[in-house]
Amino acid sequence: MQKIILYYKFVAIKDPQMTMRWQRELCRRLNLKGRIIVSEHGINGTAGGDLEDVKAYVREMNLTPEFKGIEYKWSDGSRDDFPKLSVKARKELVTLAPEEDFDVFDKGTPLRPEQWHAYLEEHPDAIIFDARNNYESEVGKFKNAITPDIKTFKDVKAELDKLPKDQPVLTYCTGDIRCEYLSAYMKHKGFEDVYHLDGGIVKYGEAYGDKGYWEGKCYVFDARKGIAFSQESADIANCANCGAKTSRQENCSGQDADGTGCNLQFVICDDCAAGGRVACSLHAPVADV
Ligand SMILES: [Zn+2]
Ligand SMILES: [Zn+2]
C-alpha cells in the first residue's frame with residue numbers, strides 16, 4: 001500500500017542548504033517522490049511512497065528538534081503521482097515577496113474552525129479575505145468573502161491596498177500555509193488586527209460540512225480538483241459557455257495560431273463538455289464543436 005503526506009512548518013532553519021541535502025538523501029533512501037521546499041523559515045512538502053517508507057520518513061523527521069511534532073495530512077495516492085523527487089532551498093516556502101524582508105514569525109492570530117465560526121456568527125460584517133487564486137474561489141468560498149482576481153499567490157500583494165488596515169481582517173486558504181504566511185506579511189504592511197483560519201478550509205469543512213459559512217467546493221491541486229464536504233454541497237460557479245451553475249473545471253484544449261497550447265483552466269458544465277473537446281471562450285467555442 002502507498003500513501004501521500006502533505007505538511008509544512010514555519011520554524012527557523014539555520015542552514016537551509018544542509019537541510020535540503022539531508023532531505024534529498026532521506027527521500028532517496030526511502031524511495032519517496034514528491035516536492036519539498038526548505039527555507040530559512042521552515043519546510044513545506046508533499047511526498048508519496050510505500051506506507052512503511054512514509055512512516056519511516058515521519059519517524060526520522062520527529063527525531064529532529066526543528067521538525068518534531070509536525071501535523072501530517074495523509075491521503076491516498078502513490079509515489080508515481082509525482083514525476084520525480086524535487087528538493088529545493090528557496091528564499092520563501094511559498095512565493096509572495098522574495099525581495100522584501102519581514103518577520104515571518106510575527107503572524108496573525110490563528111482561529112480554529114470553531115473559533116472562526118463563532119467569530120463570523122458574532123460579526124456578520126467581518127472582512128473576510130480569500131488568499132487563494134481566482135480559479136479556486138470561483139468554485140467555493142466563505143460567504144461574503146472578498147475573492148481577489150489573481151492567478152498566482154504573489155499577485156495578492158496588490159490586492160491588500162484595497163483593504164482597511166485599521167479593521168480586523170480574516171484570511172483563509174486551503175490548508176493554511178498561504179494565509180498563515182500572508183498574515184505575517186499583512187502585519188508587516190501595517191494591518192493592525194489579522195486572523196487566519198487555522199487548519200484551513202479543509203479543517204473547517206470537516207467540522208461544519210455545508211452547514212456553516214462555507215459555500216461550494218474546496219479546490220485541491222490534484223486530479224480531484226473540487227472536493228465536496230457533503231451531499232448538500234452547492235455549485236456556485238457559472239459555465240463559461242451557457243452560464244449554468246456547475247463546479248466542473250477543465251483545462252482548455254485549444255491552441256494559439258503558433259501551436260502554443262492554451263491550457264487555461266475554466267468552468268464548464270457537464271452538458272457543454274459532453275462533446276468531449278473543451279476549449280475556453282478565446283479558442284473554439286464549445287457550442288461550435
Ligand atoms: Zn454549459
Ligand atoms: Zn483557451
# chains A, B, ... in the order shown; residues from 1 in each chain; ligands from 1
$ residues_near_ligand --ligand "ligand 1" --cutoff "9 Å" --atoms "only C-alpha atoms and all ligand atoms" --output "ChimeraX atom specification"
/A:238-246,267-273,286-287
$ write_last_selection --atoms "N, CA and C atoms" --output "PDB file, in the first residue's frame"
ATOM      1  N   ASN A 238     -20.346  29.571 -12.657  1.00  0.00           N
ATOM      2  CA  ASN A 238     -21.165  29.565 -13.865  1.00  0.00           C
ATOM      3  C   ASN A 238     -20.372  29.033 -15.049  1.00  0.00           C
ATOM      4  N   CYS A 239     -21.007  28.152 -15.820  1.00  0.00           N
ATOM      5  CA  CYS A 239     -20.401  27.616 -17.035  1.00  0.00           C
ATOM      6  C   CYS A 239     -20.012  28.772 -17.965  1.00  0.00           C
ATOM      7  N   ALA A 240     -18.776  28.752 -18.471  1.00  0.00           N
ATOM      8  CA  ALA A 240     -18.287  29.835 -19.332  1.00  0.00           C
ATOM      9  C   ALA A 240     -19.040  29.858 -20.662  1.00  0.00           C
ATOM     10  N   ASN A 241     -19.668  28.762 -21.004  1.00  0.00           N
ATOM     11  CA  ASN A 241     -20.357  28.665 -22.293  1.00  0.00           C
ATOM     12  C   ASN A 241     -21.841  29.022 -22.202  1.00  0.00           C
ATOM     13  N   CYS A 242     -22.555  28.428 -21.236  1.00  0.00           N
ATOM     14  CA  CYS A 242     -24.009  28.624 -21.188  1.00  0.00           C
ATOM     15  C   CYS A 242     -24.484  29.297 -19.906  1.00  0.00           C
ATOM     16  N   GLY A 243     -23.601  29.454 -18.921  1.00  0.00           N
ATOM     17  CA  GLY A 243     -23.976  30.161 -17.700  1.00  0.00           C
ATOM     18  C   GLY A 243     -24.612  29.299 -16.625  1.00  0.00           C
ATOM     19  N   ALA A 244     -24.845  28.015 -16.912  1.00  0.00           N
ATOM     20  CA  ALA A 244     -25.467  27.138 -15.910  1.00  0.00           C
ATOM     21  C   ALA A 244     -24.554  26.980 -14.694  1.00  0.00           C
ATOM     22  N   LYS A 245     -25.176  26.775 -13.516  1.00  0.00           N
ATOM     23  CA  LYS A 245     -24.399  26.556 -12.292  1.00  0.00           C
ATOM     24  C   LYS A 245     -23.701  25.196 -12.352  1.00  0.00           C
ATOM     25  N   THR A 246     -22.413  25.190 -12.035  1.00  0.00           N
ATOM     26  CA  THR A 246     -21.629  23.964 -12.063  1.00  0.00           C
ATOM     27  C   THR A 246     -20.376  24.168 -11.217  1.00  0.00           C
ATOM     28  N   VAL A 267     -14.385  27.160 -16.224  1.00  0.00           N
ATOM     29  CA  VAL A 267     -15.563  26.451 -15.715  1.00  0.00           C
ATOM     30  C   VAL A 267     -16.453  26.053 -16.884  1.00  0.00           C
ATOM     31  N   ILE A 268     -16.886  24.807 -16.891  1.00  0.00           N
ATOM     32  CA  ILE A 268     -17.766  24.329 -17.972  1.00  0.00           C
ATOM     33  C   ILE A 268     -18.711  23.275 -17.408  1.00  0.00           C
ATOM     34  N   CYS A 269     -19.991  23.345 -17.786  1.00  0.00           N
ATOM     35  CA  CYS A 269     -20.965  22.400 -17.228  1.00  0.00           C
ATOM     36  C   CYS A 269     -20.876  21.049 -17.959  1.00  0.00           C
ATOM     37  N   ASP A 270     -21.464  20.031 -17.377  1.00  0.00           N
ATOM     38  CA  ASP A 270     -21.400  18.678 -17.950  1.00  0.00           C
ATOM     39  C   ASP A 270     -21.999  18.647 -19.350  1.00  0.00           C
ATOM     40  N   ASP A 271     -23.135  19.341 -19.552  1.00  0.00           N
ATOM     41  CA  ASP A 271     -23.792  19.325 -20.860  1.00  0.00           C
ATOM     42  C   ASP A 271     -22.878  19.906 -21.934  1.00  0.00           C
ATOM     43  N   CYS A 272     -22.280  21.056 -21.631  1.00  0.00           N
ATOM     44  CA  CYS A 272     -21.426  21.709 -22.625  1.00  0.00           C
ATOM     45  C   CYS A 272     -20.136  20.922 -22.874  1.00  0.00           C
ATOM     46  N   ALA A 273     -19.681  20.170 -21.871  1.00  0.00           N
ATOM     47  CA  ALA A 273     -18.449  19.401 -22.027  1.00  0.00           C
ATOM     48  C   ALA A 273     -18.706  18.044 -22.676  1.00  0.00           C
ATOM     49  N   VAL A 286     -17.232  26.065 -27.386  1.00  0.00           N
ATOM     50  CA  VAL A 286     -17.674  24.695 -27.194  1.00  0.00           C
ATOM     51  C   VAL A 286     -18.910  24.380 -28.032  1.00  0.00           C
ATOM     52  N   ALA A 287     -19.796  25.385 -28.124  1.00  0.00           N
ATOM     53  CA  ALA A 287     -21.069  25.156 -28.824  1.00  0.00           C
ATOM     54  C   ALA A 287     -20.851  24.807 -30.303  1.00  0.00           C
TER      55      ALA A 287
END
$ residues_near_ligand --ligand "ligand 2" --cutoff "7 Å" --atoms "only C-alpha atoms and all ligand atoms" --output "list in words"
Cys252, Ser253, Gly254, Gln255, Cys262, Asn263, Leu264, Ala279, Cys280, Ser281, Leu282 and His283 of chain A
$ write_last_selection --atoms "C-alpha atoms" --output "short mmCIF file (atom, residue, chain, number, x, y, z; two decimals), in the first residue's frame"
data_model
loop_
_atom_site.label_atom_id
_atom_site.label_comp_id
_atom_site.auth_asym_id
_atom_site.auth_seq_id
_atom_site.Cartn_x
_atom_site.Cartn_y
_atom_site.Cartn_z
CA CYS A 252 -8.63 24.46 -22.43
CA SER A 253 -7.51 22.03 -25.12
CA GLY A 254 -7.26 24.82 -27.72
CA GLN A 255 -4.09 26.12 -29.34
CA CYS A 262 -3.78 27.39 -24.09
CA ASN A 263 -4.34 25.14 -21.05
CA LEU A 264 -6.37 27.87 -19.30
CA ALA A 279 -12.00 24.95 -25.09
CA CYS A 280 -12.15 28.37 -23.44
CA SER A 281 -14.03 31.31 -24.96
CA LEU A 282 -10.84 32.57 -26.67
CA HIS A 283 -10.48 29.34 -28.58
#
$ closest_atom_pairs --of "range 36-99 of chain A" --to "range 211-234 of chain A" --cutoff "12 Å" --atoms "only C-alpha atoms" --output "CSV"
residue,atom,partner,partner_atom,distance
A:Thr46,CA,A:Phe221,CA,11.6
A:Ser75,CA,A:Asp222,CA,11.5
A:Asp76,CA,A:Asp222,CA,11.6
A:Gly77,CA,A:Asp222,CA,10.3
A:Asp81,CA,A:Asp222,CA,9.1
A:Phe82,CA,A:Asp222,CA,10.5
$ write_last_selection --atoms "C-alpha atoms" --output "tab-separated table (two decimals), in the first residue's frame"
chain	number	residue	atom	x	y	z
A	46	THR	CA	4.38	16.63	-0.18
A	75	SER	CA	-4.12	10.88	1.77
A	76	ASP	CA	-4.48	8.05	-0.71
A	77	GLY	CA	-2.04	8.15	-3.58
A	81	ASP	CA	1.60	10.68	-8.54
A	82	PHE	CA	4.80	12.76	-8.64
$ closest_atom_pairs --of "range 164-216 of chain A" --to "range 63-74 of chain A" --cutoff "12 Å" --atoms "only C-alpha atoms" --output "tab-separated table"
residue	atom	partner	partner_atom	distance
A:Gly175	CA	A:Lys73	CA	9.5
A:Gly199	CA	A:Glu71	CA	9.9
A:Val202	CA	A:Lys73	CA	10.4
A:Lys203	CA	A:Lys73	CA	10.7
$ select_by_dssp --residues "range 94-242 of chain A" --states "strand (DSSP E)" --output "number ranges by chain"
A: 109-111, 127-130, 140-142, 169-172, 194-197, 214-216, 218-219, 226-227, 237-238
$ residues_around --residues "Pro83 in chain A" --least-positions-apart "3" --cutoff "9 Å" --atoms "only C-alpha atoms" --output "ChimeraX atom specification"
/A:33-34,79-80
